[in-house]
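Asks: Sharing structure_24.pdb here; it has PDB, C-alpha atoms.
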```
ATOM      1  CA  MET A  13      54.877 200.222 148.996
ATOM      2  CA  LEU A  14      55.293 203.590 147.344
ATOM      3  CA  VAL A  15      56.520 203.300 143.773
ATOM      4  CA  ASP A  16      58.730 206.370 144.360
ATOM      5  CA  LEU A  17      60.953 204.180 146.569
ATOM      6  CA  PHE A  18      62.101 202.352 143.423
ATOM      7  CA  ASP A  19      63.128 205.457 141.502
ATOM      8  CA  PHE A  20      66.701 206.408 140.639
ATOM      9  CA  ALA A  21      68.452 208.717 138.197
ATOM     10  CA  LEU A  22      69.970 207.001 135.159
ATOM     11  CA  PRO A  23      72.102 209.000 132.707
ATOM     12  CA  PRO A  24      70.818 208.384 129.151
ATOM     13  CA  GLU A  25      74.298 207.434 127.958
ATOM     14  CA  ARG A  26      74.169 204.337 130.186
ATOM     15  CA  ILE A  27      71.485 202.768 127.949
ATOM     16  CA  ALA A  28      73.132 200.190 125.656
ATOM     17  CA  LEU A  29      72.105 200.363 121.998
ATOM     18  CA  ARG A  30      74.099 197.284 120.937
ATOM     19  CA  PRO A  31      75.153 194.149 122.822
ATOM     20  CA  ALA A  32      78.714 193.396 123.849
ATOM     21  CA  ALA A  33      80.798 191.436 121.340
ATOM     22  CA  PRO A  34      81.432 188.643 121.963
ATOM     23  CA  ARG A  35      78.339 188.224 124.114
ATOM     24  CA  ASP A  36      80.139 186.746 127.114
ATOM     25  CA  ALA A  37      82.514 189.736 127.249
ATOM     26  CA  ALA A  38      79.799 191.833 128.912
ATOM     27  CA  ARG A  39      80.498 193.059 132.420
ATOM     28  CA  MET A  40      78.833 191.356 135.389
ATOM     29  CA  LEU A  41      78.252 192.861 138.811
ATOM     30  CA  VAL A  42      78.154 190.152 141.489
ATOM     31  CA  VAL A  43      75.861 191.223 144.340
ATOM     32  CA  THR A  44      75.747 189.476 147.719
ATOM     33  CA  PRO A  45      74.335 190.780 151.007
ATOM     34  CA  VAL A  46      77.839 191.835 152.091
ATOM     35  CA  ALA A  47      79.783 192.792 148.956
ATOM     36  CA  LEU A  48      79.806 193.919 145.333
ATOM     37  CA  GLY A  49      82.232 192.402 142.830
ATOM     38  CA  ASP A  50      83.113 193.649 139.340
ATOM     39  CA  ARG A  51      83.496 190.718 136.954
ATOM     40  CA  ILE A  52      82.721 189.772 133.362
ATOM     41  CA  VAL A  53      80.199 187.177 132.240
ATOM     42  CA  ARG A  54      82.980 184.730 131.342
ATOM     43  CA  ASP A  55      83.792 184.614 135.072
ATOM     44  CA  LEU A  56      80.423 183.014 135.826
ATOM     45  CA  PRO A  57      81.701 179.429 136.337
ATOM     46  CA  ALA A  58      83.976 180.625 139.143
ATOM     47  CA  GLN A  59      81.101 182.471 140.837
ATOM     48  CA  LEU A  60      78.920 179.368 141.096
ATOM     49  CA  ARG A  61      79.344 175.978 142.757
ATOM     50  CA  ARG A  62      79.500 172.445 141.388
ATOM     51  CA  GLY A  63      75.962 171.078 141.542
ATOM     52  CA  ASP A  64      74.279 174.428 140.876
ATOM     53  CA  LEU A  65      71.813 174.610 137.992
ATOM     54  CA  LEU A  66      71.056 177.546 135.673
ATOM     55  CA  VAL A  67      67.517 177.836 134.292
ATOM     56  CA  PHE A  68      67.061 179.457 130.868
ATOM     57  CA  ASN A  69      63.934 180.607 129.062
ATOM     58  CA  ASP A  70      63.818 179.017 125.583
ATOM     59  CA  THR A  71      61.180 181.362 124.153
ATOM     60  CA  ARG A  72      61.905 182.786 120.696
ATOM     61  CA  VAL A  73      61.121 186.378 119.751
ATOM     62  CA  ILE A  74      58.761 186.735 116.798
ATOM     63  CA  PRO A  75      58.689 189.776 114.444
ATOM     64  CA  ALA A  76      55.738 191.193 116.338
ATOM     65  CA  GLN A  77      55.757 194.838 115.257
ATOM     66  CA  LEU A  78      53.519 195.712 112.332
ATOM     67  CA  GLU A  79      52.855 198.903 110.362
ATOM     68  CA  GLY A  80      49.675 199.205 108.338
ATOM     69  CA  THR A  81      46.797 201.339 107.190
ATOM     70  CA  ARG A  82      43.043 201.547 107.683
ATOM     71  CA  GLY A  83      41.845 203.742 104.881
ATOM     72  CA  GLU A  84      44.001 206.870 105.058
ATOM     73  CA  ALA A  85      45.056 206.308 108.670
ATOM     74  CA  ARG A  86      48.469 204.879 109.588
ATOM     75  CA  ILE A  87      48.182 202.179 112.254
ATOM     76  CA  GLY A  88      51.033 200.586 114.227
ATOM     77  CA  ALA A  89      50.593 197.398 116.229
ATOM     78  CA  THR A  90      52.781 195.474 118.670
ATOM     79  CA  LEU A  91      51.480 191.985 119.362
ATOM     80  CA  HIS A  92      51.905 190.940 122.976
ATOM     81  CA  LYS A  93      49.824 187.835 123.755
ATOM     82  CA  ARG A  94      48.305 185.059 121.691
ATOM     83  CA  GLU A  95      44.593 184.544 122.346
ATOM     84  CA  GLY A  96      43.903 181.906 119.703
ATOM     85  CA  PRO A  97      45.274 180.294 116.532
ATOM     86  CA  ARG A  98      44.689 183.473 114.495
ATOM     87  CA  ARG A  99      44.089 186.023 117.235
ATOM     88  CA  TRP A 100      46.633 188.151 119.107
ATOM     89  CA  ARG A 101      46.173 190.899 121.662
ATOM     90  CA  ALA A 102      48.077 194.018 120.530
ATOM     91  CA  PHE A 103      48.989 197.488 121.700
ATOM     92  CA  VAL A 104      47.986 199.820 118.868
ATOM     93  CA  ARG A 105      49.348 203.205 117.860
ATOM     94  CA  ASN A 106      46.716 205.630 116.521
ATOM     95  CA  ALA A 107      44.063 203.369 118.044
ATOM     96  CA  ARG A 108      41.537 206.230 118.153
ATOM     97  CA  ARG A 109      41.115 205.741 114.396
ATOM     98  CA  LEU A 110      39.851 202.185 114.879
ATOM     99  CA  ARG A 111      36.359 200.827 115.373
ATOM    100  CA  ASP A 112      35.381 197.228 116.138
ATOM    101  CA  GLY A 113      35.543 195.210 112.931
ATOM    102  CA  ASP A 114      37.859 197.586 111.047
ATOM    103  CA  VAL A 115      40.397 195.779 108.860
ATOM    104  CA  ILE A 116      44.034 196.893 108.976
ATOM    105  CA  ASP A 117      46.163 196.222 105.896
ATOM    106  CA  PHE A 118      49.752 195.459 106.947
ATOM    107  CA  GLY A 119      51.016 194.879 103.398
ATOM    108  CA  ALA A 120      52.599 191.739 101.939
ATOM    109  CA  GLY A 121      49.163 190.144 101.807
ATOM    110  CA  VAL A 122      48.678 190.423 105.578
ATOM    111  CA  ALA A 123      45.491 191.882 107.054
ATOM    112  CA  ALA A 124      43.715 191.674 110.401
ATOM    113  CA  ALA A 125      40.388 192.796 111.846
ATOM    114  CA  ALA A 126      40.379 194.792 115.093
ATOM    115  CA  ARG A 127      38.131 193.317 117.782
ATOM    116  CA  ASP A 128      37.260 193.746 121.445
ATOM    117  CA  ARG A 129      39.108 196.823 122.676
ATOM    118  CA  ALA A 130      40.196 196.192 126.278
ATOM    119  CA  ASP A 131      40.297 198.577 129.227
ATOM    120  CA  ASP A 132      44.065 198.957 128.822
ATOM    121  CA  GLY A 133      43.552 200.265 125.271
ATOM    122  CA  SER A 134      44.767 197.107 123.538
ATOM    123  CA  TRP A 135      42.877 195.474 120.665
ATOM    124  CA  ALA A 136      42.530 191.864 119.599
ATOM    125  CA  LEU A 137      43.707 191.384 116.018
ATOM    126  CA  GLU A 138      42.150 188.531 114.054
ATOM    127  CA  PHE A 139      44.369 187.695 111.086
ATOM    128  CA  ALA A 140      42.730 186.856 107.766
ATOM    129  CA  GLY A 141      43.536 183.826 105.619
ATOM    130  CA  ASP A 142      44.670 180.272 106.253
ATOM    131  CA  GLU A 143      48.449 180.650 106.551
ATOM    132  CA  PRO A 144      49.940 180.292 110.032
ATOM    133  CA  VAL A 145      50.247 183.688 111.677
ATOM    134  CA  GLU A 146      53.974 183.050 112.184
ATOM    135  CA  LEU A 147      54.437 183.026 108.394
ATOM    136  CA  LEU A 148      52.450 186.239 108.049
ATOM    137  CA  LEU A 149      54.644 187.926 110.636
ATOM    138  CA  GLU A 150      57.828 186.783 108.876
ATOM    139  CA  ARG A 151      56.553 188.604 105.773
ATOM    140  CA  ALA A 152      55.142 191.772 107.283
ATOM    141  CA  GLY A 153      56.574 192.147 110.799
ATOM    142  CA  ARG A 154      59.826 193.383 112.245
ATOM    143  CA  MET A 155      61.776 192.641 115.415
ATOM    144  CA  PRO A 156      60.161 194.440 118.379
ATOM    145  CA  LEU A 157      63.084 196.228 120.023
ATOM    146  CA  PRO A 158      62.312 197.792 123.409
ATOM    147  CA  PRO A 159      61.139 201.421 123.202
ATOM    148  CA  TYR A 160      64.251 202.752 124.956
ATOM    149  CA  ILE A 161      66.347 201.361 122.069
ATOM    150  CA  ALA A 162      63.884 201.823 119.195
ATOM    151  CA  GLY A 163      63.466 205.469 120.187
ATOM    152  CA  LYS A 164      67.180 206.082 119.599
ATOM    153  CA  ARG A 165      67.882 204.072 116.438
ATOM    154  CA  ALA A 166      66.111 202.047 113.778
ATOM    155  CA  THR A 167      65.808 198.276 113.940
ATOM    156  CA  ASP A 168      68.218 196.678 111.452
ATOM    157  CA  ALA A 169      69.344 193.264 110.191
ATOM    158  CA  ARG A 170      71.776 192.792 113.094
ATOM    159  CA  ASP A 171      68.916 192.800 115.579
ATOM    160  CA  ALA A 172      67.430 189.650 114.054
ATOM    161  CA  ASP A 173      70.385 187.767 115.570
ATOM    162  CA  ASP A 174      71.372 190.080 118.424
ATOM    163  CA  TYR A 175      67.890 189.965 119.983
ATOM    164  CA  GLN A 176      67.647 186.158 120.129
ATOM    165  CA  THR A 177      69.305 183.988 122.757
ATOM    166  CA  MET A 178      71.214 180.823 121.874
ATOM    167  CA  PHE A 179      68.400 178.864 123.591
ATOM    168  CA  ALA A 180      65.550 180.363 121.508
ATOM    169  CA  SER A 181      63.440 177.513 120.132
ATOM    170  CA  GLU A 182      59.777 178.120 121.071
ATOM    171  CA  PRO A 183      58.294 181.016 119.023
ATOM    172  CA  GLY A 184      55.932 183.325 120.855
ATOM    173  CA  ALA A 185      57.739 186.124 122.685
ATOM    174  CA  VAL A 186      57.637 189.789 121.732
ATOM    175  CA  ALA A 187      60.618 190.626 123.933
ATOM    176  CA  ALA A 188      63.791 188.644 124.531
ATOM    177  CA  PRO A 189      64.698 187.081 127.895
ATOM    178  CA  THR A 190      67.721 189.339 127.795
ATOM    179  CA  ALA A 191      69.846 187.881 130.611
ATOM    180  CA  ALA A 192      70.448 184.849 128.404
ATOM    181  CA  LEU A 193      71.758 187.019 125.563
ATOM    182  CA  HIS A 194      75.142 186.908 127.336
ATOM    183  CA  PHE A 195      75.612 183.169 126.860
ATOM    184  CA  THR A 196      77.748 181.502 124.183
ATOM    185  CA  PRO A 197      78.570 177.868 123.393
ATOM    186  CA  GLU A 198      82.040 178.461 124.836
ATOM    187  CA  LEU A 199      80.620 179.719 128.131
ATOM    188  CA  MET A 200      78.187 176.803 128.321
ATOM    189  CA  ALA A 201      81.081 174.379 127.829
ATOM    190  CA  ALA A 202      83.037 176.072 130.634
ATOM    191  CA  LEU A 203      80.011 175.848 132.935
ATOM    192  CA  ALA A 204      79.565 172.155 132.169
ATOM    193  CA  ALA A 205      83.256 171.515 132.858
ATOM    194  CA  ALA A 206      82.789 173.199 136.252
ATOM    195  CA  GLY A 207      79.928 170.837 137.119
ATOM    196  CA  ILE A 208      77.189 173.436 136.656
ATOM    197  CA  GLU A 209      74.055 172.083 134.999
ATOM    198  CA  HIS A 210      71.334 173.845 133.035
ATOM    199  CA  ALA A 211      67.667 173.367 132.181
ATOM    200  CA  THR A 212      65.087 175.236 130.114
ATOM    201  CA  LEU A 213      61.490 176.309 130.527
ATOM    202  CA  THR A 214      59.242 178.469 128.330
ATOM    203  CA  LEU A 215      57.688 181.825 129.155
ATOM    204  CA  HIS A 216      56.510 183.925 126.224
ATOM    205  CA  VAL A 217      57.494 187.446 127.217
ATOM    206  CA  GLY A 218      54.839 190.049 126.414
ATOM    207  CA  ALA A 219      55.137 193.725 125.532
ATOM    208  CA  GLY A 220      53.496 194.475 128.864
ATOM    209  CA  THR A 221      56.934 193.982 130.413
ATOM    210  CA  PHE A 222      57.796 197.484 129.134
ATOM    211  CA  LEU A 223      54.671 199.190 130.481
ATOM    212  CA  PRO A 224      55.406 201.813 133.139
ATOM    213  CA  VAL A 225      53.975 201.491 136.632
ATOM    214  CA  LYS A 226      51.452 204.330 136.709
ATOM    215  CA  ALA A 227      50.103 203.680 140.204
ATOM    216  CA  ASP A 228      51.526 205.529 143.210
ATOM    217  CA  ASP A 229      51.451 202.363 145.336
ATOM    218  CA  THR A 230      52.550 198.887 144.269
ATOM    219  CA  ALA A 231      49.308 197.476 145.699
ATOM    220  CA  ASP A 232      47.379 199.291 142.964
ATOM    221  CA  HIS A 233      49.438 198.058 139.994
ATOM    222  CA  ARG A 234      47.870 195.429 137.735
ATOM    223  CA  MET A 235      50.511 193.055 136.384
ATOM    224  CA  HIS A 236      50.352 191.825 132.784
ATOM    225  CA  ALA A 237      49.807 188.098 132.202
ATOM    226  CA  GLU A 238      52.172 185.898 130.195
ATOM    227  CA  TRP A 239      51.923 182.249 129.148
ATOM    228  CA  GLY A 240      54.481 179.763 130.412
ATOM    229  CA  ARG A 241      55.246 176.061 130.783
ATOM    230  CA  ILE A 242      57.449 173.906 133.014
ATOM    231  CA  ASP A 243      57.205 170.242 132.038
ATOM    232  CA  PRO A 244      57.184 167.459 134.680
ATOM    233  CA  ALA A 245      60.736 166.301 133.919
ATOM    234  CA  THR A 246      62.124 169.818 134.375
ATOM    235  CA  ALA A 247      60.206 170.339 137.617
ATOM    236  CA  ASP A 248      61.569 167.042 138.958
ATOM    237  CA  ARG A 249      65.100 168.025 137.975
ATOM    238  CA  LEU A 250      64.950 171.393 139.714
ATOM    239  CA  ASN A 251      63.638 169.773 142.879
ATOM    240  CA  ALA A 252      66.369 167.113 142.767
ATOM    241  CA  VAL A 253      69.121 169.744 142.480
ATOM    242  CA  ARG A 254      67.883 171.560 145.564
ATOM    243  CA  ALA A 255      67.402 168.313 147.476
ATOM    244  CA  ALA A 256      71.056 167.465 146.773
ATOM    245  CA  GLY A 257      72.232 170.825 148.132
ATOM    246  CA  GLY A 258      72.646 172.616 144.816
ATOM    247  CA  ARG A 259      71.218 176.006 143.992
ATOM    248  CA  VAL A 260      68.661 176.829 141.301
ATOM    249  CA  ILE A 261      69.816 180.062 139.641
ATOM    250  CA  ALA A 262      67.254 181.664 137.335
ATOM    251  CA  VAL A 263      68.729 183.302 134.243
ATOM    252  CA  GLY A 264      66.413 186.255 133.779
ATOM    253  CA  THR A 265      63.385 187.542 135.604
ATOM    254  CA  THR A 266      61.132 185.605 133.218
ATOM    255  CA  SER A 267      62.593 182.277 134.353
ATOM    256  CA  LEU A 268      62.358 183.391 137.972
ATOM    257  CA  ARG A 269      58.723 184.477 137.712
ATOM    258  CA  LEU A 270      57.672 181.202 136.127
ATOM    259  CA  ILE A 271      59.517 179.070 138.686
ATOM    260  CA  GLU A 272      57.970 181.056 141.521
ATOM    261  CA  SER A 273      54.543 180.653 139.908
ATOM    262  CA  ALA A 274      55.057 176.879 139.889
ATOM    263  CA  ALA A 275      56.489 176.548 143.404
ATOM    264  CA  GLY A 276      54.270 175.776 146.357
ATOM    265  CA  LYS A 277      54.581 177.082 149.902
ATOM    266  CA  ASP A 278      56.496 173.884 150.651
ATOM    267  CA  GLY A 279      59.219 174.924 148.190
ATOM    268  CA  VAL A 280      58.383 172.117 145.762
ATOM    269  CA  ILE A 281      58.323 173.134 142.092
ATOM    270  CA  ARG A 282      55.433 171.526 140.241
ATOM    271  CA  PRO A 283      54.664 171.219 136.507
ATOM    272  CA  PHE A 284      52.996 174.360 135.213
ATOM    273  CA  GLU A 285      51.210 175.374 132.018
ATOM    274  CA  GLY A 286      49.128 178.508 131.686
ATOM    275  CA  ASP A 287      49.146 182.235 132.371
ATOM    276  CA  THR A 288      51.033 183.869 135.194
ATOM    277  CA  ALA A 289      50.655 187.437 136.392
ATOM    278  CA  ILE A 290      52.846 187.077 139.480
ATOM    279  CA  PHE A 291      54.019 190.451 140.837
ATOM    280  CA  ILE A 292      56.991 190.220 143.179
ATOM    281  CA  THR A 293      57.778 193.109 145.515
ATOM    282  CA  PRO A 294      59.771 193.413 148.769
ATOM    283  CA  GLY A 295      58.271 191.195 151.447
ATOM    284  CA  TYR A 296      57.753 188.315 149.046
ATOM    285  CA  ARG A 297      59.112 184.953 150.267
ATOM    286  CA  PHE A 298      60.953 183.162 147.476
ATOM    287  CA  ARG A 299      60.113 179.480 147.183
ATOM    288  CA  GLY A 300      61.776 177.995 144.126
ATOM    289  CA  ILE A 301      64.992 179.877 143.299
ATOM    290  CA  ASP A 302      68.253 180.534 145.115
ATOM    291  CA  GLY A 303      69.740 183.250 142.922
ATOM    292  CA  LEU A 304      69.252 185.282 139.771
ATOM    293  CA  MET A 305      71.331 186.450 136.823
ATOM    294  CA  THR A 306      69.702 189.455 135.201
ATOM    295  CA  ASN A 307      70.399 192.708 133.388
ATOM    296  CA  PHE A 308      70.004 196.195 134.877
ATOM    297  CA  HIS A 309      66.417 197.420 134.892
ATOM    298  CA  LEU A 310      64.424 200.624 134.523
ATOM    299  CA  PRO A 311      63.683 202.957 137.417
ATOM    300  CA  ARG A 312      60.226 202.437 138.961
ATOM    301  CA  SER A 313      59.803 199.165 137.030
ATOM    302  CA  THR A 314      58.291 195.910 138.249
ATOM    303  CA  LEU A 315      61.651 194.252 137.493
ATOM    304  CA  PHE A 316      63.607 196.587 139.779
ATOM    305  CA  MET A 317      60.972 195.836 142.416
ATOM    306  CA  LEU A 318      61.600 192.111 141.871
ATOM    307  CA  VAL A 319      65.381 192.322 142.333
ATOM    308  CA  SER A 320      64.818 194.510 145.394
ATOM    309  CA  ALA A 321      62.562 191.802 146.808
ATOM    310  CA  LEU A 322      65.329 189.249 146.311
ATOM    311  CA  MET A 323      68.267 191.230 147.694
ATOM    312  CA  GLY A 324      66.707 194.062 149.694
ATOM    313  CA  LEU A 325      65.963 197.569 148.458
ATOM    314  CA  GLU A 326      68.994 199.182 150.103
ATOM    315  CA  THR A 327      71.348 196.567 148.674
ATOM    316  CA  MET A 328      69.988 197.070 145.152
ATOM    317  CA  GLN A 329      70.034 200.854 145.443
ATOM    318  CA  ALA A 330      73.717 200.605 146.377
ATOM    319  CA  ALA A 331      74.396 198.104 143.574
ATOM    320  CA  TYR A 332      72.760 200.300 140.938
ATOM    321  CA  ALA A 333      74.555 203.405 142.198
ATOM    322  CA  HIS A 334      77.832 201.482 141.880
ATOM    323  CA  ALA A 335      76.919 200.261 138.389
ATOM    324  CA  ILE A 336      76.075 203.777 137.197
ATOM    325  CA  ALA A 337      79.253 205.252 138.679
ATOM    326  CA  GLN A 338      81.397 202.496 137.154
ATOM    327  CA  GLY A 339      79.938 202.819 133.664
ATOM    328  CA  TYR A 340      77.923 199.623 133.438
ATOM    329  CA  ARG A 341      75.580 199.433 130.450
ATOM    330  CA  PHE A 342      71.853 199.166 131.204
ATOM    331  CA  TYR A 343      68.754 197.425 129.882
ATOM    332  CA  SER A 344      68.198 194.786 127.204
ATOM    333  CA  TYR A 345      71.555 195.024 125.405
ATOM    334  CA  GLY A 346      73.441 195.992 128.553
ATOM    335  CA  ASP A 347      75.584 194.293 131.144
ATOM    336  CA  ALA A 348      74.613 191.627 133.685
ATOM    337  CA  SER A 349      74.258 191.277 137.420
ATOM    338  CA  LEU A 350      74.498 188.065 139.425
ATOM    339  CA  LEU A 351      72.374 188.246 142.574
ATOM    340  CA  LEU A 352      73.180 185.706 145.281
ATOM    341  CA  PRO A 353      71.132 186.310 148.447
TER     342      PRO A 353
END
```
Kindly transcribe the structure held in the file into C-alpha cells.
Replies:
Amino acid sequence: MLVDLFDFALPPERIALRPAAPRDAARMLVVTPVALGDRIVRDLPAQLRRGDLLVFNDTRVIPAQLEGTRGEARIGATLHKREGPRRWRAFVRNARRLRDGDVIDFGAGVAAAARDRADDGSWALEFAGDEPVELLLERAGRMPLPPYIAGKRATDARDADDYQTMFASEPGAVAAPTAALHFTPELMAALAAAGIEHATLTLHVGAGTFLPVKADDTADHRMHAEWGRIDPATADRLNAVRAAGGRVIAVGTTSLRLIESAAGKDGVIRPFEGDTAIFITPGYRFRGIDGLMTNFHLPRSTLFMLVSALMGLETMQAAYAHAIAQGYRFYSYGDASLLLP
C-alpha cells in the first residue's frame, strides 16, 4: 500500500508536552465500526465487559540518552537494543566523526567503544568496566523523551516519573508503552470491581519506533526488531479468557504486536521469547487480540498503519479527523483511544 494513504494534517498545538493530571483524567475516544464516543479514561470499566482482560507491557524505560565526546567532537547516542551484557545498539548523532574502535567519553566515569556500524547508520556501543550497564546509565544517561517532545522542551525531573507506567518493572525500554501511562491504582481497582482482569507481558520498546517510514510503499519498509517475552502461564491465561467468551484487549501497540507475534493461525497464543519485527498493515488478519487501547499516532507511521489494519483505514481517518477537530491531545503524553472492532 502507498504510504501516502496514511498521511494526515496535524496542527502542532495538538502535540501534548505533558500528561494529563491525574493520569486517568485524559480523554478517550471510543471507536467502533459504527460510532465514535467521547469519553475519559476513567470511563473504561463501563466500556468493557465482565470477563474481558487487559494486557499491559511491564517494560521499564531506562535513561538511554547519552551525551559525550570523542576528542574535540561532541557525540550524542540513544541506545535502542541490547546486543549483549555490555553491548547496546545505538543511534548516534555526529556519527560521521566516529571510526570503528573509537572510545566515547560520556562523563561520570562512563565510556564506550564504537563498533560495527550497521547499514541503518547505528553503532554498537561496548561499555567499559565491570559495573552493570544499568548503573552506568543511571549516572550518565537521561530519560529518552520522543523527538516530538524533546524538540519543544528540555527533559526535566518530572519526566522520570511521568514517562514510566505504573506497571514498569523490567528495565530495558528506551520508549514508554504510552497507552498504559493513563492507568492509576484507582482505575485498576474500578476495573477489578467490574470483573475485568489484567495480565502483563514484556516488550522492550526500541527507539526505532520513532523512525519515519521513508519508503513510498509499505512493502518496502523494513521494521525494527524488539525483544519480548510472554511466559507460559500468561499465554494459557489469555487463551482461557477467549475460550470463555471474554475479549483480550491489548493496552498499547507494543502489547498487541507481541501477542500477534505469539499467536498461531489457529488463534492460540503460545509462549514467546525473542525478537519480533512484525509489521501490521491493512489486510492483516488478527489472531490473538480483540481490541486495543492506544494513544493517537503520527501521520505516515507504522502505528497508524496498525490501527488502520484493526479498524479499517476509513474508520481511522474519520476518528482522527474527529479527534483533531475536538481538541484531543496527540502522541506519547496525549489522550487515548479505545478501538473495538
Asks: Compile the contact shell of segment 175-188 of chain A as a PyMOL selection string: residues with an atom at most 10 Å away, counting all atoms listed in the file, same-chain residues fewer than 3 positions apart removed.
Replies: chain A and resi 30-31+68-77+90-94+146+155-158+170-172+191-197+212-222+238-239+264+266+344-345
Asks: Emit the selected residues as a PDB file, in the frame of the given file, including C-alpha atoms.
Replies:
```
ATOM      1  CA  ARG A  30      74.099 197.284 120.937  1.00  0.00           C
ATOM      2  CA  PRO A  31      75.153 194.149 122.822  1.00  0.00           C
ATOM      3  CA  PHE A  68      67.061 179.457 130.868  1.00  0.00           C
ATOM      4  CA  ASN A  69      63.934 180.607 129.062  1.00  0.00           C
ATOM      5  CA  ASP A  70      63.818 179.017 125.583  1.00  0.00           C
ATOM      6  CA  THR A  71      61.180 181.362 124.153  1.00  0.00           C
ATOM      7  CA  ARG A  72      61.905 182.786 120.696  1.00  0.00           C
ATOM      8  CA  VAL A  73      61.121 186.378 119.751  1.00  0.00           C
ATOM      9  CA  ILE A  74      58.761 186.735 116.798  1.00  0.00           C
ATOM     10  CA  PRO A  75      58.689 189.776 114.444  1.00  0.00           C
ATOM     11  CA  ALA A  76      55.738 191.193 116.338  1.00  0.00           C
ATOM     12  CA  GLN A  77      55.757 194.838 115.257  1.00  0.00           C
ATOM     13  CA  THR A  90      52.781 195.474 118.670  1.00  0.00           C
ATOM     14  CA  LEU A  91      51.480 191.985 119.362  1.00  0.00           C
ATOM     15  CA  HIS A  92      51.905 190.940 122.976  1.00  0.00           C
ATOM     16  CA  LYS A  93      49.824 187.835 123.755  1.00  0.00           C
ATOM     17  CA  ARG A  94      48.305 185.059 121.691  1.00  0.00           C
ATOM     18  CA  GLU A 146      53.974 183.050 112.184  1.00  0.00           C
ATOM     19  CA  MET A 155      61.776 192.641 115.415  1.00  0.00           C
ATOM     20  CA  PRO A 156      60.161 194.440 118.379  1.00  0.00           C
ATOM     21  CA  LEU A 157      63.084 196.228 120.023  1.00  0.00           C
ATOM     22  CA  PRO A 158      62.312 197.792 123.409  1.00  0.00           C
ATOM     23  CA  ARG A 170      71.776 192.792 113.094  1.00  0.00           C
ATOM     24  CA  ASP A 171      68.916 192.800 115.579  1.00  0.00           C
ATOM     25  CA  ALA A 172      67.430 189.650 114.054  1.00  0.00           C
ATOM     26  CA  ALA A 191      69.846 187.881 130.611  1.00  0.00           C
ATOM     27  CA  ALA A 192      70.448 184.849 128.404  1.00  0.00           C
ATOM     28  CA  LEU A 193      71.758 187.019 125.563  1.00  0.00           C
ATOM     29  CA  HIS A 194      75.142 186.908 127.336  1.00  0.00           C
ATOM     30  CA  PHE A 195      75.612 183.169 126.860  1.00  0.00           C
ATOM     31  CA  THR A 196      77.748 181.502 124.183  1.00  0.00           C
ATOM     32  CA  PRO A 197      78.570 177.868 123.393  1.00  0.00           C
ATOM     33  CA  THR A 212      65.087 175.236 130.114  1.00  0.00           C
ATOM     34  CA  LEU A 213      61.490 176.309 130.527  1.00  0.00           C
ATOM     35  CA  THR A 214      59.242 178.469 128.330  1.00  0.00           C
ATOM     36  CA  LEU A 215      57.688 181.825 129.155  1.00  0.00           C
ATOM     37  CA  HIS A 216      56.510 183.925 126.224  1.00  0.00           C
ATOM     38  CA  VAL A 217      57.494 187.446 127.217  1.00  0.00           C
ATOM     39  CA  GLY A 218      54.839 190.049 126.414  1.00  0.00           C
ATOM     40  CA  ALA A 219      55.137 193.725 125.532  1.00  0.00           C
ATOM     41  CA  GLY A 220      53.496 194.475 128.864  1.00  0.00           C
ATOM     42  CA  THR A 221      56.934 193.982 130.413  1.00  0.00           C
ATOM     43  CA  PHE A 222      57.796 197.484 129.134  1.00  0.00           C
ATOM     44  CA  GLU A 238      52.172 185.898 130.195  1.00  0.00           C
ATOM     45  CA  TRP A 239      51.923 182.249 129.148  1.00  0.00           C
ATOM     46  CA  GLY A 264      66.413 186.255 133.779  1.00  0.00           C
ATOM     47  CA  THR A 266      61.132 185.605 133.218  1.00  0.00           C
ATOM     48  CA  SER A 344      68.198 194.786 127.204  1.00  0.00           C
ATOM     49  CA  TYR A 345      71.555 195.024 125.405  1.00  0.00           C
TER      50      TYR A 345
END
```
Asks: Pick from A:Ala237, A:Ala140, A:Gly303, A:Asp228: nearest to Pro45 of chain A, with only C-alpha atoms counted?
Replies: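 Among the listed residues, A:Gly303 lies closest to Pro45 of chain A.
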Asks: Taking all atoms listed in the file into account, which of A:Phe298, A:Phe342, A:Asn106, A:Thr293 comes nearest Leu325 of chain A?
Replies: A:Thr293
Asks: Which distance in Å separates atom CA of Ile271 of chain A and atom CA of Ile301 of chain A, to one decimal?
Replies: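 Computing it gives 7.2 Å between the two atoms.
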Asks: Evaluate the PyMOL selection byres ((chain A and resi 208) around 10) here and jot the selected residues down as a PDB file with C-alpha atoms, in the coordinates of the input.
Replies:
```
ATOM      1  CA  PRO A  57      81.701 179.429 136.337  1.00  0.00           C
ATOM      2  CA  LEU A  60      78.920 179.368 141.096  1.00  0.00           C
ATOM      3  CA  ARG A  61      79.344 175.978 142.757  1.00  0.00           C
ATOM      4  CA  ARG A  62      79.500 172.445 141.388  1.00  0.00           C
ATOM      5  CA  GLY A  63      75.962 171.078 141.542  1.00  0.00           C
ATOM      6  CA  ASP A  64      74.279 174.428 140.876  1.00  0.00           C
ATOM      7  CA  LEU A  65      71.813 174.610 137.992  1.00  0.00           C
ATOM      8  CA  LEU A  66      71.056 177.546 135.673  1.00  0.00           C
ATOM      9  CA  MET A 200      78.187 176.803 128.321  1.00  0.00           C
ATOM     10  CA  ALA A 201      81.081 174.379 127.829  1.00  0.00           C
ATOM     11  CA  ALA A 202      83.037 176.072 130.634  1.00  0.00           C
ATOM     12  CA  LEU A 203      80.011 175.848 132.935  1.00  0.00           C
ATOM     13  CA  ALA A 204      79.565 172.155 132.169  1.00  0.00           C
ATOM     14  CA  ALA A 205      83.256 171.515 132.858  1.00  0.00           C
ATOM     15  CA  ALA A 206      82.789 173.199 136.252  1.00  0.00           C
ATOM     16  CA  GLY A 207      79.928 170.837 137.119  1.00  0.00           C
ATOM     17  CA  GLU A 209      74.055 172.083 134.999  1.00  0.00           C
ATOM     18  CA  HIS A 210      71.334 173.845 133.035  1.00  0.00           C
ATOM     19  CA  GLY A 258      72.646 172.616 144.816  1.00  0.00           C
ATOM     20  CA  ARG A 259      71.218 176.006 143.992  1.00  0.00           C
TER      21      ARG A 259
END
```
